[in-house]
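Below is entry17.txt, holding compact mmCIF, C-alpha atoms.
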# COMPACT_ATOMS: atom_id res chain seq x y z
CA MET A 17 16.92 -29.35 36.47
CA SER A 18 13.68 -27.60 35.50
CA GLU A 19 11.12 -29.44 33.40
CA HIS A 20 9.91 -26.13 32.01
CA PRO A 21 11.55 -24.32 29.13
CA GLN A 22 12.72 -20.80 29.95
CA LEU A 23 11.81 -17.86 27.72
CA LEU A 24 15.03 -16.48 26.22
CA HIS A 25 13.73 -13.57 24.12
CA THR A 26 11.02 -12.63 21.64
CA VAL A 27 12.00 -12.80 17.96
CA LEU A 28 10.65 -10.32 15.43
CA ASP A 29 10.93 -10.72 11.65
CA ALA A 30 12.04 -7.78 9.51
CA PRO A 31 13.27 -7.19 5.98
CA ASP A 32 15.60 -4.46 7.38
CA VAL A 33 17.14 -6.14 10.42
CA ARG A 34 19.34 -3.25 11.53
CA GLY A 35 16.59 -0.66 11.00
CA GLU A 36 14.11 -2.64 13.08
CA ALA A 37 16.72 -3.32 15.76
CA GLU A 38 17.59 0.38 15.95
CA PHE A 39 13.91 1.28 16.37
CA TRP A 40 13.51 -1.05 19.37
CA ARG A 41 16.94 -0.22 20.81
CA GLU A 42 16.18 3.50 20.83
CA LEU A 43 12.57 3.15 21.97
CA LEU A 44 13.19 0.73 24.85
CA GLY A 45 16.70 1.79 25.90
CA LEU A 46 18.19 -1.59 24.99
CA VAL A 47 21.75 -2.42 23.96
CA TYR A 48 23.20 -4.82 21.43
CA ARG A 49 24.53 -8.17 22.52
CA PRO A 50 28.35 -8.06 22.32
CA GLY A 51 29.32 -8.58 18.68
CA ASP A 52 25.99 -7.29 17.30
CA GLU A 53 26.82 -3.58 17.51
CA VAL A 54 26.60 -1.36 14.42
CA PRO A 55 29.74 -2.09 12.36
CA ASP A 56 32.11 0.55 11.01
CA GLY A 57 31.71 -0.74 7.44
CA ALA A 58 29.04 -2.64 5.54
CA ASP A 59 26.24 -4.10 7.64
CA ASP A 60 25.04 -7.51 6.47
CA ALA A 61 23.38 -8.55 9.74
CA ASP A 62 20.59 -11.10 9.35
CA TRP A 63 20.14 -11.76 13.10
CA LEU A 64 20.62 -9.30 15.94
CA VAL A 65 19.99 -9.62 19.67
CA LEU A 66 19.02 -6.75 21.94
CA THR A 67 19.45 -6.98 25.69
CA GLN A 68 18.68 -4.99 28.79
CA PRO A 69 21.74 -2.99 29.93
CA ASP A 70 22.44 -5.74 32.49
CA GLY A 71 22.73 -8.33 29.70
CA ARG A 72 19.33 -10.02 30.01
CA ARG A 73 18.04 -10.84 26.53
CA CYS A 74 14.90 -9.04 25.43
CA LEU A 75 14.39 -9.05 21.64
CA ALA A 76 15.99 -10.63 18.60
CA ILE A 77 15.44 -9.44 15.06
CA GLN A 78 15.76 -11.92 12.20
CA GLU A 79 15.85 -11.21 8.50
CA VAL A 80 13.02 -12.21 6.21
CA GLU A 81 12.70 -11.41 2.53
CA GLN A 82 9.29 -9.84 2.97
CA LEU A 83 6.75 -9.39 5.70
CA PRO A 84 3.01 -9.14 5.00
CA ALA A 85 1.73 -5.73 6.03
CA SER A 86 -0.20 -5.69 9.30
CA ARG A 87 -3.65 -4.15 8.91
CA TRP A 88 -4.59 -4.30 12.59
CA PRO A 89 -6.88 -2.83 14.00
CA GLU A 90 -9.03 -3.20 10.87
CA PRO A 91 -11.86 -5.68 11.53
CA GLY A 92 -10.94 -9.19 10.41
CA HIS A 93 -7.18 -8.51 10.63
CA PRO A 94 -5.91 -9.62 14.04
CA ALA A 95 -2.41 -8.62 15.13
CA GLY A 96 -1.53 -12.27 15.83
CA SER A 97 0.67 -11.13 18.69
CA HIS A 98 1.85 -7.83 20.05
CA LEU A 99 4.13 -6.37 22.68
CA ASP A 100 2.80 -4.42 25.68
CA THR A 101 4.87 -1.66 27.23
CA THR A 102 4.01 0.70 30.07
CA VAL A 103 4.79 4.22 31.22
CA PRO A 104 4.08 5.68 34.66
CA SER A 105 1.98 8.72 33.67
CA ARG A 106 -0.07 10.40 30.99
CA ALA A 107 2.74 12.94 30.50
CA ALA A 108 5.15 10.07 29.87
CA LEU A 109 2.67 8.57 27.39
CA ASP A 110 2.59 11.85 25.47
CA ALA A 111 6.40 12.00 25.42
CA VAL A 112 6.69 8.39 24.22
CA HIS A 113 4.18 9.15 21.47
CA GLU A 114 6.45 11.82 20.02
CA ARG A 115 9.47 9.49 20.29
CA VAL A 116 7.70 6.58 18.57
CA LEU A 117 6.72 8.78 15.64
CA ALA A 118 10.21 10.31 15.39
CA LEU A 119 11.71 6.79 15.27
CA GLY A 120 9.43 5.77 12.40
CA GLY A 121 6.57 4.09 14.26
CA GLU A 122 2.98 4.43 13.04
CA LEU A 123 0.03 5.22 15.31
CA ARG A 124 -2.65 2.54 14.87
CA LEU A 125 -5.07 3.16 17.76
CA ASP A 126 -5.59 6.05 20.17
CA ARG A 127 -7.44 5.08 23.34
CA THR A 128 -6.12 7.90 25.49
CA ASP A 129 -9.67 8.89 26.44
CA ASP A 130 -10.11 5.65 28.45
CA PRO A 131 -10.08 6.77 32.12
CA ASP A 132 -9.13 3.30 33.42
CA GLU A 133 -6.34 2.44 30.99
CA PRO A 134 -5.28 5.12 28.53
CA LEU A 135 -3.20 3.61 25.75
CA LEU A 136 -1.74 4.14 22.32
CA ALA A 137 -1.10 1.29 19.89
CA TYR A 138 1.51 1.50 17.16
CA ALA A 139 3.26 -0.49 14.48
CA SER A 140 7.05 -0.56 14.30
CA PRO A 141 8.76 0.20 10.96
CA ALA A 142 8.47 -3.52 10.05
CA GLY A 143 4.80 -3.53 11.11
CA HIS A 144 5.01 -5.21 14.52
CA VAL A 145 2.14 -4.03 16.72
CA PHE A 146 2.82 -2.79 20.23
CA CYS A 147 0.91 -0.88 22.89
CA VAL A 148 2.05 1.75 25.34
CA PHE A 149 -0.25 2.26 28.29
CA VAL A 150 -0.26 4.04 31.61
CA ALA A 151 0.16 1.59 34.47
I'd like the structure from this file rewritten - as structure tokens, please.
Amino acid sequence: MSEHPQLLHTVLDAPDVRGEAEFWRELLGLVYRPGDEVPDGADDADWLVLTQPDGRRCLAIQEVEQLPASRWPEPGHPAGSHLDTTVPSRAALDAVHERVLALGGELRLDRTDDPDEPLLAYASPAGHVFCVFVA
């Protein structure tokens, strides 16, 4: 038996659980854990889990009444934490940019002129900061 805890998934807070889950599901190509799919009728989900297609857990979204607005990258307003994602090329970065905006993400920082590590930083609809960089 391991003495070390194992990371299960990252949990993100959101006032609109389904909306935030849909953003990440569409952006990252994730799927809902069985039983968490979009229902036919009313949706009162307060906790949803997103997995990789093979079933490995990735993200969970939990309901909160309100979430303070993130002001990162304004000086004096750290993100606290953020998610890093990668794409294989500058062309892929440009394509992801359009997708993020179409899904309701907000561009927060454009560092595409960095020759060593071009990146774009965004906030999700609930305000969670994430980066997409070429690696």
Excluding range 119-135 of chain A and residues on its chain fewer than 5 positions from it, collect all residues at most 10 Å away from it, counting all atoms listed in the file, and give them as a PDB file with C-alpha atoms, in the coordinates of the input.
ATOM      1  CA  GLY A  35      16.590  -0.660  11.000  1.00  0.00           C
ATOM      2  CA  GLU A  36      14.110  -2.640  13.080  1.00  0.00           C
ATOM      3  CA  GLU A  38      17.590   0.380  15.950  1.00  0.00           C
ATOM      4  CA  PHE A  39      13.910   1.280  16.370  1.00  0.00           C
ATOM      5  CA  TRP A  40      13.510  -1.050  19.370  1.00  0.00           C
ATOM      6  CA  GLU A  42      16.180   3.500  20.830  1.00  0.00           C
ATOM      7  CA  LEU A  43      12.570   3.150  21.970  1.00  0.00           C
ATOM      8  CA  ARG A  87      -3.650  -4.150   8.910  1.00  0.00           C
ATOM      9  CA  TRP A  88      -4.590  -4.300  12.590  1.00  0.00           C
ATOM     10  CA  PRO A  89      -6.880  -2.830  14.000  1.00  0.00           C
ATOM     11  CA  GLU A  90      -9.030  -3.200  10.870  1.00  0.00           C
ATOM     12  CA  THR A 101       4.870  -1.660  27.230  1.00  0.00           C
ATOM     13  CA  THR A 102       4.010   0.700  30.070  1.00  0.00           C
ATOM     14  CA  VAL A 103       4.790   4.220  31.220  1.00  0.00           C
ATOM     15  CA  SER A 105       1.980   8.720  33.670  1.00  0.00           C
ATOM     16  CA  ARG A 106      -0.070  10.400  30.990  1.00  0.00           C
ATOM     17  CA  LEU A 109       2.670   8.570  27.390  1.00  0.00           C
ATOM     18  CA  ASP A 110       2.590  11.850  25.470  1.00  0.00           C
ATOM     19  CA  HIS A 113       4.180   9.150  21.470  1.00  0.00           C
ATOM     20  CA  GLU A 114       6.450  11.820  20.020  1.00  0.00           C
ATOM     21  CA  SER A 140       7.050  -0.560  14.300  1.00  0.00           C
ATOM     22  CA  PRO A 141       8.760   0.200  10.960  1.00  0.00           C
ATOM     23  CA  ALA A 142       8.470  -3.520  10.050  1.00  0.00           C
ATOM     24  CA  GLY A 143       4.800  -3.530  11.110  1.00  0.00           C
ATOM     25  CA  HIS A 144       5.010  -5.210  14.520  1.00  0.00           C
ATOM     26  CA  VAL A 145       2.140  -4.030  16.720  1.00  0.00           C
ATOM     27  CA  PHE A 146       2.820  -2.790  20.230  1.00  0.00           C
ATOM     28  CA  CYS A 147       0.910  -0.880  22.890  1.00  0.00           C
ATOM     29  CA  VAL A 148       2.050   1.750  25.340  1.00  0.00           C
ATOM     30  CA  PHE A 149      -0.250   2.260  28.290  1.00  0.00           C
ATOM     31  CA  VAL A 150      -0.260   4.040  31.610  1.00  0.00           C
ATOM     32  CA  ALA A 151       0.160   1.590  34.470  1.00  0.00           C
TER      33      ALA A 151
END
| said: I'd like to know which of A:Arg73, A:Gln82, A:Pro91, A:Asp100 is closest to Val27 in chain A, using all atoms listed in the file. | reply: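 Ranking A:Arg73, A:Gln82, A:Pro91, A:Asp100 by distance to Val27 in chain A, first place goes to A:Arg73.
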As a check of understanding: the span from CA of Gly57 in chain A to CA of Leu44 in chain A is 25.5 Å
| Which value, in Å to one decimal, gives the distance between CA of Ala118 in chain A and CA of Val80 in chain A? |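 Here the two named atoms are 24.5 Å from each other.
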Restricting to all atoms listed in the file, whichever of A:Tyr138, A:Asp60, A:Pro21, A:Pro69 is closest to Ala95 in chain A is A:Tyr138
| request: Figure out the distance between CA of Gln78 in chain A and CA of Gly51 in chain A, please, to one decimal in Å. | output: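 Value for the CA of Gly51 in chain A-CA of Gln78 in chain A distance: 15.4 Å.
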| said: Need the shell around Val65 in chain A: protein/DNA/RNA residues with any atom at most 7 Å away, counting all atoms listed in the file. Skip same-chain ones fewer than 6 positions apart. Format as a list in words? | reply: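 Here the qualifying residues turn out to be Tyr48, Arg49, Asp52, Leu75, Ala76 and Ile77 of chain A.
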Dump of range 38-69 of chain A from preceding block, N, CA, C and O atoms, as a PDB file, in the first residue's frame:
ATOM      1  N   GLU A  38     -19.368  22.147 -19.486  1.00  0.00           N
ATOM      2  CA  GLU A  38     -19.452  22.094 -20.947  1.00  0.00           C
ATOM      3  C   GLU A  38     -18.275  22.818 -21.596  1.00  0.00           C
ATOM      4  O   GLU A  38     -17.744  22.363 -22.607  1.00  0.00           O
ATOM      5  N   PHE A  39     -17.862  23.946 -21.019  1.00  0.00           N
ATOM      6  CA  PHE A  39     -16.702  24.663 -21.548  1.00  0.00           C
ATOM      7  C   PHE A  39     -15.487  23.737 -21.569  1.00  0.00           C
ATOM      8  O   PHE A  39     -14.835  23.571 -22.605  1.00  0.00           O
ATOM      9  N   TRP A  40     -15.171  23.125 -20.435  1.00  0.00           N
ATOM     10  CA  TRP A  40     -13.985  22.269 -20.347  1.00  0.00           C
ATOM     11  C   TRP A  40     -14.148  20.990 -21.160  1.00  0.00           C
ATOM     12  O   TRP A  40     -13.195  20.513 -21.779  1.00  0.00           O
ATOM     13  N   ARG A  41     -15.342  20.431 -21.191  1.00  0.00           N
ATOM     14  CA  ARG A  41     -15.580  19.207 -21.966  1.00  0.00           C
ATOM     15  C   ARG A  41     -15.295  19.465 -23.436  1.00  0.00           C
ATOM     16  O   ARG A  41     -14.566  18.707 -24.084  1.00  0.00           O
ATOM     17  N   GLU A  42     -15.854  20.555 -23.950  1.00  0.00           N
ATOM     18  CA  GLU A  42     -15.650  20.881 -25.366  1.00  0.00           C
ATOM     19  C   GLU A  42     -14.201  21.257 -25.659  1.00  0.00           C
ATOM     20  O   GLU A  42     -13.640  20.837 -26.662  1.00  0.00           O
ATOM     21  N   LEU A  43     -13.604  22.070 -24.798  1.00  0.00           N
ATOM     22  CA  LEU A  43     -12.239  22.543 -25.050  1.00  0.00           C
ATOM     23  C   LEU A  43     -11.228  21.404 -25.019  1.00  0.00           C
ATOM     24  O   LEU A  43     -10.352  21.319 -25.881  1.00  0.00           O
ATOM     25  N   LEU A  44     -11.332  20.529 -24.028  1.00  0.00           N
ATOM     26  CA  LEU A  44     -10.311  19.495 -23.824  1.00  0.00           C
ATOM     27  C   LEU A  44     -10.692  18.125 -24.379  1.00  0.00           C
ATOM     28  O   LEU A  44      -9.924  17.180 -24.241  1.00  0.00           O
ATOM     29  N   GLY A  45     -11.865  17.995 -24.989  1.00  0.00           N
ATOM     30  CA  GLY A  45     -12.269  16.703 -25.543  1.00  0.00           C
ATOM     31  C   GLY A  45     -12.547  15.668 -24.463  1.00  0.00           C
ATOM     32  O   GLY A  45     -12.297  14.483 -24.664  1.00  0.00           O
ATOM     33  N   LEU A  46     -13.086  16.105 -23.335  1.00  0.00           N
ATOM     34  CA  LEU A  46     -13.381  15.203 -22.222  1.00  0.00           C
ATOM     35  C   LEU A  46     -14.795  14.655 -22.360  1.00  0.00           C
ATOM     36  O   LEU A  46     -15.557  15.080 -23.229  1.00  0.00           O
ATOM     37  N   VAL A  47     -15.133  13.714 -21.508  1.00  0.00           N
ATOM     38  CA  VAL A  47     -16.480  13.139 -21.467  1.00  0.00           C
ATOM     39  C   VAL A  47     -16.972  13.163 -20.024  1.00  0.00           C
ATOM     40  O   VAL A  47     -16.176  13.243 -19.085  1.00  0.00           O
ATOM     41  N   TYR A  48     -18.272  13.084 -19.865  1.00  0.00           N
ATOM     42  CA  TYR A  48     -18.832  13.026 -18.518  1.00  0.00           C
ATOM     43  C   TYR A  48     -18.669  11.639 -17.929  1.00  0.00           C
ATOM     44  O   TYR A  48     -18.777  10.632 -18.637  1.00  0.00           O
ATOM     45  N   ARG A  49     -18.455  11.604 -16.625  1.00  0.00           N
ATOM     46  CA  ARG A  49     -18.479  10.350 -15.891  1.00  0.00           C
ATOM     47  C   ARG A  49     -19.889   9.766 -16.064  1.00  0.00           C
ATOM     48  O   ARG A  49     -20.868  10.507 -16.098  1.00  0.00           O
ATOM     49  N   PRO A  50     -20.011   8.450 -16.190  1.00  0.00           N
ATOM     50  CA  PRO A  50     -21.353   7.862 -16.321  1.00  0.00           C
ATOM     51  C   PRO A  50     -22.283   8.368 -15.210  1.00  0.00           C
ATOM     52  O   PRO A  50     -21.928   8.379 -14.042  1.00  0.00           O
ATOM     53  N   GLY A  51     -23.451   8.843 -15.640  1.00  0.00           N
ATOM     54  CA  GLY A  51     -24.436   9.385 -14.715  1.00  0.00           C
ATOM     55  C   GLY A  51     -24.411  10.902 -14.637  1.00  0.00           C
ATOM     56  O   GLY A  51     -25.349  11.514 -14.125  1.00  0.00           O
ATOM     57  N   ASP A  52     -23.347  11.536 -15.152  1.00  0.00           N
ATOM     58  CA  ASP A  52     -23.225  12.999 -15.104  1.00  0.00           C
ATOM     59  C   ASP A  52     -23.579  13.666 -16.431  1.00  0.00           C
ATOM     60  O   ASP A  52     -23.499  14.885 -16.556  1.00  0.00           O
ATOM     61  N   GLU A  53     -23.992  12.881 -17.419  1.00  0.00           N
ATOM     62  CA  GLU A  53     -24.299  13.436 -18.731  1.00  0.00           C
ATOM     63  C   GLU A  53     -25.420  14.478 -18.627  1.00  0.00           C
ATOM     64  O   GLU A  53     -26.156  14.519 -17.654  1.00  0.00           O
ATOM     65  N   VAL A  54     -25.566  15.281 -19.692  1.00  0.00           N
ATOM     66  CA  VAL A  54     -26.625  16.283 -19.744  1.00  0.00           C
ATOM     67  C   VAL A  54     -27.967  15.554 -19.722  1.00  0.00           C
ATOM     68  O   VAL A  54     -28.209  14.673 -20.550  1.00  0.00           O
ATOM     69  N   PRO A  55     -28.836  15.902 -18.774  1.00  0.00           N
ATOM     70  CA  PRO A  55     -30.133  15.213 -18.686  1.00  0.00           C
ATOM     71  C   PRO A  55     -31.110  15.688 -19.756  1.00  0.00           C
ATOM     72  O   PRO A  55     -30.938  16.761 -20.340  1.00  0.00           O
ATOM     73  N   ASP A  56     -32.144  14.892 -19.997  1.00  0.00           N
ATOM     74  CA  ASP A  56     -33.187  15.268 -20.950  1.00  0.00           C
ATOM     75  C   ASP A  56     -34.037  16.413 -20.419  1.00  0.00           C
ATOM     76  O   ASP A  56     -34.485  17.267 -21.165  1.00  0.00           O
ATOM     77  N   GLY A  57     -34.263  16.437 -19.105  1.00  0.00           N
ATOM     78  CA  GLY A  57     -35.123  17.454 -18.497  1.00  0.00           C
ATOM     79  C   GLY A  57     -34.315  18.501 -17.760  1.00  0.00           C
ATOM     80  O   GLY A  57     -33.234  18.902 -18.183  1.00  0.00           O
ATOM     81  N   ALA A  58     -34.858  18.926 -16.622  1.00  0.00           N
ATOM     82  CA  ALA A  58     -34.201  19.945 -15.798  1.00  0.00           C
ATOM     83  C   ALA A  58     -32.826  19.460 -15.345  1.00  0.00           C
ATOM     84  O   ALA A  58     -32.621  18.277 -15.083  1.00  0.00           O
ATOM     85  N   ASP A  59     -31.904  20.392 -15.252  1.00  0.00           N
ATOM     86  CA  ASP A  59     -30.530  20.076 -14.855  1.00  0.00           C
ATOM     87  C   ASP A  59     -30.221  20.781 -13.543  1.00  0.00           C
ATOM     88  O   ASP A  59     -30.041  21.990 -13.512  1.00  0.00           O
ATOM     89  N   ASP A  60     -30.177  20.019 -12.453  1.00  0.00           N
ATOM     90  CA  ASP A  60     -29.903  20.608 -11.140  1.00  0.00           C
ATOM     91  C   ASP A  60     -28.549  20.144 -10.591  1.00  0.00           C
ATOM     92  O   ASP A  60     -28.332  20.094  -9.388  1.00  0.00           O
ATOM     93  N   ALA A  61     -27.633  19.835 -11.508  1.00  0.00           N
ATOM     94  CA  ALA A  61     -26.322  19.319 -11.098  1.00  0.00           C
ATOM     95  C   ALA A  61     -25.575  20.336 -10.240  1.00  0.00           C
ATOM     96  O   ALA A  61     -25.500  21.515 -10.575  1.00  0.00           O
ATOM     97  N   ASP A  62     -25.022  19.862  -9.124  1.00  0.00           N
ATOM     98  CA  ASP A  62     -24.176  20.717  -8.288  1.00  0.00           C
ATOM     99  C   ASP A  62     -22.758  20.161  -8.199  1.00  0.00           C
ATOM    100  O   ASP A  62     -21.903  20.729  -7.553  1.00  0.00           O
ATOM    101  N   TRP A  63     -22.504  19.036  -8.870  1.00  0.00           N
ATOM    102  CA  TRP A  63     -21.186  18.392  -8.896  1.00  0.00           C
ATOM    103  C   TRP A  63     -21.129  17.530 -10.133  1.00  0.00           C
ATOM    104  O   TRP A  63     -21.991  16.669 -10.326  1.00  0.00           O
ATOM    105  N   LEU A  64     -20.166  17.768 -10.998  1.00  0.00           N
ATOM    106  CA  LEU A  64     -19.999  16.978 -12.210  1.00  0.00           C
ATOM    107  C   LEU A  64     -18.542  16.583 -12.348  1.00  0.00           C
ATOM    108  O   LEU A  64     -17.648  17.352 -11.986  1.00  0.00           O
ATOM    109  N   VAL A  65     -18.306  15.399 -12.886  1.00  0.00           N
ATOM    110  CA  VAL A  65     -16.951  14.907 -13.101  1.00  0.00           C
ATOM    111  C   VAL A  65     -16.733  14.678 -14.589  1.00  0.00           C
ATOM    112  O   VAL A  65     -17.557  14.070 -15.267  1.00  0.00           O
ATOM    113  N   LEU A  66     -15.607  15.190 -15.073  1.00  0.00           N
ATOM    114  CA  LEU A  66     -15.188  15.001 -16.456  1.00  0.00           C
ATOM    115  C   LEU A  66     -13.980  14.072 -16.476  1.00  0.00           C
ATOM    116  O   LEU A  66     -13.080  14.196 -15.643  1.00  0.00           O
ATOM    117  N   THR A  67     -13.981  13.170 -17.443  1.00  0.00           N
ATOM    118  CA  THR A  67     -12.898  12.202 -17.550  1.00  0.00           C
ATOM    119  C   THR A  67     -12.298  12.237 -18.953  1.00  0.00           C
ATOM    120  O   THR A  67     -12.887  12.767 -19.887  1.00  0.00           O
ATOM    121  N   GLN A  68     -11.129  11.628 -19.061  1.00  0.00           N
ATOM    122  CA  GLN A  68     -10.575  11.344 -20.378  1.00  0.00           C
ATOM    123  C   GLN A  68     -11.483  10.288 -21.010  1.00  0.00           C
ATOM    124  O   GLN A  68     -12.207   9.584 -20.307  1.00  0.00           O
ATOM    125  N   PRO A  69     -11.472  10.128 -22.333  1.00  0.00           N
ATOM    126  CA  PRO A  69     -12.308   9.105 -22.955  1.00  0.00           C
ATOM    127  C   PRO A  69     -12.071   7.698 -22.405  1.00  0.00           C
ATOM    128  O   PRO A  69     -12.982   6.870 -22.419  1.00  0.00           O
TER     129      PRO A  69
END
